[in-house]
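Enquirer: Pasting coords21.tsv here (TSV, C-alpha atoms):
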```tsv
chain	number	residue	atom	x	y	z
A	1	MET	CA	0.00	0.00	0.00
A	2	LYS	CA	2.86	2.32	0.86
A	3	LYS	CA	4.53	1.57	-2.48
A	4	ILE	CA	1.33	2.36	-4.36
A	5	PHE	CA	1.01	5.65	-2.47
A	6	LEU	CA	4.60	6.62	-3.28
A	7	PHE	CA	4.01	5.69	-6.96
A	8	PHE	CA	1.06	8.06	-7.25
A	9	ILE	CA	3.07	10.85	-5.58
A	10	ALA	CA	5.91	10.36	-8.07
A	11	LEU	CA	3.48	10.25	-11.01
A	12	ASN	CA	1.83	13.45	-9.86
A	13	MET	CA	5.24	15.19	-9.63
A	14	VAL	CA	6.12	14.10	-13.19
A	15	VAL	CA	2.83	15.38	-14.59
A	16	SER	CA	3.21	18.62	-12.65
A	17	VAL	CA	6.77	19.25	-13.89
A	18	SER	CA	5.80	18.31	-17.45
A	19	GLY	CA	2.94	20.76	-17.36
A	20	GLN	CA	5.26	23.51	-16.11
A	21	ASP	CA	7.73	22.79	-18.91
A	22	GLN	CA	5.00	23.13	-21.54
A	23	GLU	CA	3.70	26.29	-20.00
A	24	LEU	CA	7.16	27.83	-19.85
A	25	ALA	CA	7.78	26.87	-23.48
A	26	VAL	CA	4.64	28.68	-24.60
A	27	ASP	CA	5.19	31.70	-22.40
A	28	SER	CA	8.78	32.03	-23.61
A	29	ILE	CA	7.73	32.71	-27.22
A	30	PRO	CA	8.10	36.52	-27.76
A	31	GLU	CA	5.22	36.66	-30.25
A	32	LYS	CA	2.34	39.14	-30.19
A	33	LEU	CA	-0.76	38.41	-32.18
A	34	ILE	CA	-2.53	41.29	-33.94
A	35	LYS	CA	-6.17	41.51	-34.89
A	36	ILE	CA	-6.79	43.63	-37.97
A	37	GLU	CA	-10.01	45.60	-38.10
A	38	GLY	CA	-12.64	43.77	-40.10
A	39	ASP	CA	-10.81	40.43	-39.79
A	40	SER	CA	-11.68	37.69	-37.28
A	41	VAL	CA	-8.28	36.00	-37.60
A	42	PHE	CA	-5.28	36.98	-35.48
A	43	HIS	CA	-2.01	37.63	-37.33
A	44	SER	CA	1.59	37.57	-36.17
A	45	SER	CA	2.51	40.31	-38.64
A	46	ILE	CA	0.95	42.88	-40.96
A	47	SER	CA	1.69	42.85	-44.68
A	48	LEU	CA	2.59	46.32	-45.92
A	49	ARG	CA	2.27	47.65	-49.44
A	50	GLU	CA	5.43	48.20	-51.43
A	51	ALA	CA	6.46	51.83	-51.08
A	52	TYR	CA	8.97	53.99	-52.95
A	53	VAL	CA	10.95	56.91	-51.61
A	54	PHE	CA	10.98	59.48	-54.38
A	55	GLY	CA	14.01	61.64	-54.88
A	56	ARG	CA	13.79	65.31	-55.67
A	57	LEU	CA	13.33	66.00	-59.36
A	58	LYS	CA	16.48	67.37	-61.00
A	59	PHE	CA	16.76	68.75	-64.52
A	60	ASP	CA	19.78	69.61	-66.65
A	61	ASP	CA	18.22	72.81	-67.97
A	62	TYR	CA	14.97	74.76	-68.20
A	63	ASP	CA	13.89	73.13	-71.48
A	64	THR	CA	14.20	69.65	-69.97
A	65	LYS	CA	12.19	70.75	-66.95
A	66	LEU	CA	9.51	72.30	-69.15
A	67	LYS	CA	9.20	69.16	-71.27
A	68	TYR	CA	8.82	67.02	-68.14
A	69	TYR	CA	5.99	69.13	-66.74
A	70	ILE	CA	4.22	69.23	-70.10
A	71	LEU	CA	4.50	65.43	-70.23
A	72	ARG	CA	3.23	65.29	-66.65
A	73	ARG	CA	0.15	67.39	-67.43
A	74	LYS	CA	-0.72	65.26	-70.45
A	75	THR	CA	-0.13	61.96	-68.65
A	76	LEU	CA	-2.37	62.92	-65.73
A	77	LYS	CA	-5.03	63.97	-68.22
A	78	VAL	CA	-5.22	60.76	-70.26
A	79	TYR	CA	-4.44	58.10	-67.62
A	80	PRO	CA	-8.08	57.90	-66.37
A	81	TYR	CA	-9.18	56.98	-69.92
A	82	ALA	CA	-6.62	54.16	-70.11
A	83	LYS	CA	-7.66	52.90	-66.67
A	84	MET	CA	-11.31	52.93	-67.67
A	85	ALA	CA	-10.53	51.16	-70.94
A	86	ALA	CA	-8.85	48.36	-68.99
A	87	GLU	CA	-11.82	48.06	-66.65
A	88	ARG	CA	-14.31	47.98	-69.54
A	89	LEU	CA	-12.21	45.33	-71.30
A	90	VAL	CA	-12.22	43.09	-68.21
A	91	GLU	CA	-16.00	43.50	-67.89
A	92	LEU	CA	-16.46	42.72	-71.58
A	93	LYS	CA	-14.34	39.58	-71.50
A	94	ASP	CA	-15.92	38.32	-68.28
A	95	THR	CA	-19.40	38.74	-69.73
A	96	LEU	CA	-18.50	37.24	-73.12
A	97	ALA	CA	-17.18	34.17	-71.32
A	98	THR	CA	-20.72	33.51	-70.09
A	99	ILE	CA	-22.36	33.97	-73.51
A	100	LYS	CA	-22.21	30.81	-75.60
A	101	LYS	CA	-24.04	31.82	-78.79
A	102	LYS	CA	-21.90	33.64	-81.38
A	103	GLY	CA	-24.72	35.96	-82.44
A	104	LYS	CA	-25.41	37.11	-78.90
A	105	ARG	CA	-21.68	37.65	-78.31
A	106	LYS	CA	-21.47	39.94	-81.35
A	107	LYS	CA	-24.62	41.79	-80.29
A	108	TYR	CA	-23.28	42.36	-76.79
A	109	THR	CA	-19.87	43.48	-78.13
A	110	ARG	CA	-21.51	46.06	-80.42
A	111	LYS	CA	-23.58	47.30	-77.48
A	112	ILE	CA	-20.50	47.84	-75.32
A	113	GLN	CA	-18.59	49.51	-78.17
A	114	LYS	CA	-21.46	51.92	-78.76
A	115	TYR	CA	-21.58	52.68	-75.06
A	116	ILE	CA	-17.84	53.40	-74.96
A	117	GLU	CA	-18.01	55.55	-78.10
A	118	ASP	CA	-20.95	57.56	-76.75
A	119	GLU	CA	-19.20	57.98	-73.41
A	120	PHE	CA	-15.73	58.94	-74.58
A	121	SER	CA	-15.68	59.88	-78.26
A	122	GLU	CA	-16.28	63.60	-77.77
A	123	LYS	CA	-13.69	63.82	-74.99
A	124	LEU	CA	-11.11	61.84	-76.96
A	125	LYS	CA	-11.60	64.05	-80.02
A	126	LYS	CA	-10.32	66.98	-77.96
A	127	LEU	CA	-6.99	65.29	-77.23
A	128	THR	CA	-3.88	66.60	-78.92
A	129	ARG	CA	-1.67	64.34	-81.03
A	130	THR	CA	0.84	63.78	-78.20
A	131	GLU	CA	-1.96	63.16	-75.67
A	132	GLY	CA	-3.45	60.60	-78.04
A	133	GLN	CA	-0.11	58.82	-78.37
A	134	ILE	CA	0.40	58.76	-74.60
A	135	LEU	CA	-3.10	57.30	-74.22
A	136	VAL	CA	-2.31	54.55	-76.74
A	137	LYS	CA	0.79	53.61	-74.73
A	138	LEU	CA	-1.08	53.65	-71.44
A	139	VAL	CA	-3.78	51.41	-72.88
A	140	HIS	CA	-0.98	48.91	-73.56
A	141	ARG	CA	0.28	49.41	-69.99
A	142	GLN	CA	-3.11	48.66	-68.50
A	143	THR	CA	-4.31	45.86	-70.80
A	144	GLY	CA	-1.15	44.20	-72.09
A	145	ASN	CA	-2.45	44.63	-75.63
A	146	THR	CA	-1.93	47.44	-78.12
A	147	SER	CA	-4.90	49.52	-79.24
A	148	PHE	CA	-4.49	47.92	-82.69
A	149	GLY	CA	-4.60	44.46	-81.11
A	150	LEU	CA	-7.71	45.30	-79.09
A	151	VAL	CA	-9.57	46.61	-82.13
A	152	LYS	CA	-8.53	43.55	-84.15
A	153	GLU	CA	-9.60	41.21	-81.35
A	154	LEU	CA	-12.98	42.86	-80.82
A	155	ARG	CA	-13.89	43.81	-84.37
A	156	SER	CA	-11.91	42.78	-87.44
A	157	GLY	CA	-8.42	42.97	-88.89
A	158	TRP	CA	-9.58	45.36	-91.62
A	159	ARG	CA	-11.06	47.81	-89.09
A	160	ALA	CA	-7.85	47.67	-87.05
A	161	PHE	CA	-5.82	48.42	-90.18
A	162	TRP	CA	-8.15	51.30	-91.05
A	163	TYR	CA	-7.92	52.77	-87.55
A	164	ASN	CA	-4.14	52.56	-87.66
A	165	THR	CA	-3.99	54.20	-91.11
A	166	THR	CA	-6.30	57.00	-90.02
A	167	ALA	CA	-4.25	57.57	-86.88
A	168	GLY	CA	-1.19	57.72	-89.10
A	169	PHE	CA	-2.45	60.94	-90.67
A	170	PHE	CA	-2.04	62.50	-87.22
A	171	ASN	CA	1.30	60.81	-86.63
A	172	ILE	CA	-0.21	58.43	-84.06
A	173	SER	CA	0.46	54.71	-84.15
A	174	ILE	CA	-2.12	52.59	-82.35
A	175	LYS	CA	0.41	49.75	-82.57
A	176	ALA	CA	2.70	51.63	-80.17
A	177	GLU	CA	3.75	49.71	-77.05
A	178	TYR	CA	4.63	50.97	-73.59
A	179	ASN	CA	8.30	50.23	-72.94
A	180	PRO	CA	9.73	52.05	-69.90
A	181	GLU	CA	12.74	49.74	-69.83
A	182	ASN	CA	14.11	50.97	-73.16
A	183	VAL	CA	12.29	54.23	-73.98
A	184	HIS	CA	13.19	57.15	-71.74
A	185	GLU	CA	9.92	59.02	-72.28
A	186	ASP	CA	7.98	55.92	-71.23
A	187	TYR	CA	10.11	55.74	-68.08
A	188	LEU	CA	9.27	59.38	-67.35
A	189	ILE	CA	5.57	58.57	-67.80
A	190	GLU	CA	5.94	55.70	-65.31
A	191	ASP	CA	7.72	58.00	-62.87
A	192	ILE	CA	4.91	60.56	-63.22
A	193	LEU	CA	2.30	57.87	-62.57
A	194	GLN	CA	4.05	56.45	-59.51
A	195	ARG	CA	4.45	59.89	-57.95
A	196	ALA	CA	0.78	60.67	-58.69
A	197	PHE	CA	-0.33	57.37	-57.14
A	198	ALA	CA	1.68	58.05	-54.00
A	199	ALA	CA	0.30	61.59	-53.72
A	200	GLY	CA	-3.28	60.40	-54.20
A	201	LYS	CA	-3.71	62.38	-57.42
A	202	LEU	CA	-4.54	59.27	-59.43
A	203	GLU	CA	-6.21	56.01	-58.46
A	204	ARG	CA	-3.61	53.26	-58.67
A	205	GLN	CA	-4.13	50.51	-61.20
A	206	LYS	CA	-1.25	48.08	-61.49
A	207	SER	CA	0.30	47.57	-64.90
A	208	VAL	CA	-0.09	44.11	-66.40
A	209	LEU	CA	3.35	44.42	-68.02
A	210	ASP	CA	6.40	42.78	-66.50
A	211	TYR	CA	8.80	45.45	-65.21
A	212	ASP	CA	9.91	46.79	-61.84
A	213	TYR	CA	9.82	50.52	-61.18
A	214	GLY	CA	12.64	50.35	-58.63
A	215	THR	CA	14.90	48.69	-61.20
A	216	LEU	CA	13.94	51.32	-63.77
A	217	ILE	CA	15.04	54.13	-61.44
A	218	ASN	CA	18.51	52.65	-61.10
A	219	LYS	CA	18.77	51.96	-64.82
A	220	TRP	CA	17.86	55.49	-65.92
A	221	LYS	CA	20.02	57.27	-63.34
A	222	SER	CA	22.92	57.24	-65.76
A	223	PRO	CA	22.83	60.29	-68.11
A	224	SER	CA	23.95	58.07	-70.99
A	225	LYS	CA	20.77	56.02	-70.67
A	226	LYS	CA	18.62	59.08	-71.34
A	227	LYS	CA	19.91	59.51	-74.85
```
Written as structure tokens, that's how I'd like the structure from this file.

Expert:
Amino acid sequence: MKKIFLFFIALNMVVSVSGQDQELAVDSIPEKLIKIEGDSVFHSSISLREAYVFGRLKFDDYDTKLKYYILRRKTLKVYPYAKMAAERLVELKDTLATIKKKGKRKKYTRKIQKYIEDEFSEKLKKLTRTEGQILVKLVHRQTGNTSFGLVKELRSGWRAFWYNTTAGFFNISIKAEYNPENVHEDYLIEDILQRAFAAGKLERQKSVLDYDYGTLINKWKSPSKKK
């Protein structure tokens, strides 16, 4: 009987010590859980958006400075149209994916095109040649397709050719692509957009193209790259 009593005392001590060890192990973890507003799950960390620290703008001369601010004014003016074009395209494609009959797809496409033309045609007619060309590039930035490609995809190759020929009279190519990695003006447009996003002047819409703005900054720092 005495041996059984001593056995239970020893067993109780082992369980007690084991429980203390587990408790100490948990308490020793220096981790604080955070509850984000609107979320029922606790997190050990908060994911932050990528942020850029913008340097002060520097220009070699007055003409360069003037050209930059003219480009800035035009970019801020046409960007909302490119953003809206991307949104309309996503809506169009999502809806077309649910329409099986070819005739109904064409009918819906014509309806959307008429809506876009009625909504934007008068405003777009007032754009200057350079504003029109910037818009064409930004459409490529937002959709991943050139304006020529979009017209060809949604209408016909002949209409795309006709649009491109007509635009050619005004020295605008709707086949133009957005290439901030190799075209300095496109890099300046990207810089203008990123600064406007950060300042809340434009609503951010991520580009579908594959490039990194931070890498672009380093690449175009060299004066030789600007030529």

Enquirer: Could you list, as a PyMOL selection string, every residue within 9 Å of range 210-213 of chain A, counting only C-alpha atoms and ignoring same-chain residues fewer than 2 positions away?

Expert: chain A and resi 52+180-181+187+190-191+194+207-208+215-218

Enquirer: Work out how far apart CA of Asn145 in chain A and CA of Glu177 in chain A are and give it in Å to one decimal.

Expert: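 CA of Glu177 in chain A lies at a distance of 8.1 Å from CA of Asn145 in chain A.
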
Enquirer: Between CA of Leu76 in chain A and CA of Gln133 in chain A, what distance in Å does the model show, to one decimal?

Expert: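 Those two atoms sit 13.5 Å apart.
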
Enquirer: Tell me, in Å to one decimal, how far CA of Asp118 in chain A is from CA of Gly200 in chain A.

Expert: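 Value for the CA of Asp118 in chain A-CA of Gly200 in chain A distance: 28.8 Å.
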
Enquirer: Can you work out which one of A:Lys83, A:Lys77, A:Arg204, A:Lys93 has the shortest atom-to-atom distance to Tyr108 in chain A, counting only C-alpha atoms?

Expert: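 Ranked by minimum distance to Tyr108 in chain A, first place goes to A:Lys93.
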
Enquirer: Select, from A:Val151, A:Leu57, A:Leu127, A:Leu209, the residue with the minimum atom-to-atom distance to Phe170 in chain A, counting only C-alpha atoms.

Expert: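 Answer, going by the shortest atom-to-atom distance: A:Leu127.
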
Enquirer: Ranking A:Val90, A:Ile172, A:Asp186, A:Thr109 by minimum distance to Leu71 in chain A and counting all atoms listed in the file, which one comes first?

Expert: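 For Leu71 in chain A, the nearest of the candidates is A:Asp186.
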
Enquirer: Can you work out which one of A:Ala199, A:Leu89, A:Val183, A:Ala97 has the shortest atom-to-atom distance to Gln113 in chain A, counting all atoms listed in the file?

Expert: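 Once distances to Gln113 in chain A are computed over all atoms listed in the file, the minimum belongs to A:Leu89.
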
Enquirer: Quick one: residues within 12 Å of Glu119 in chain A, only C-alpha atoms, excluding same-chain residues fewer than 5 positions away - as a PyMOL selection string?

Expert: chain A and resi 81+84-85+88+112-114+124-125
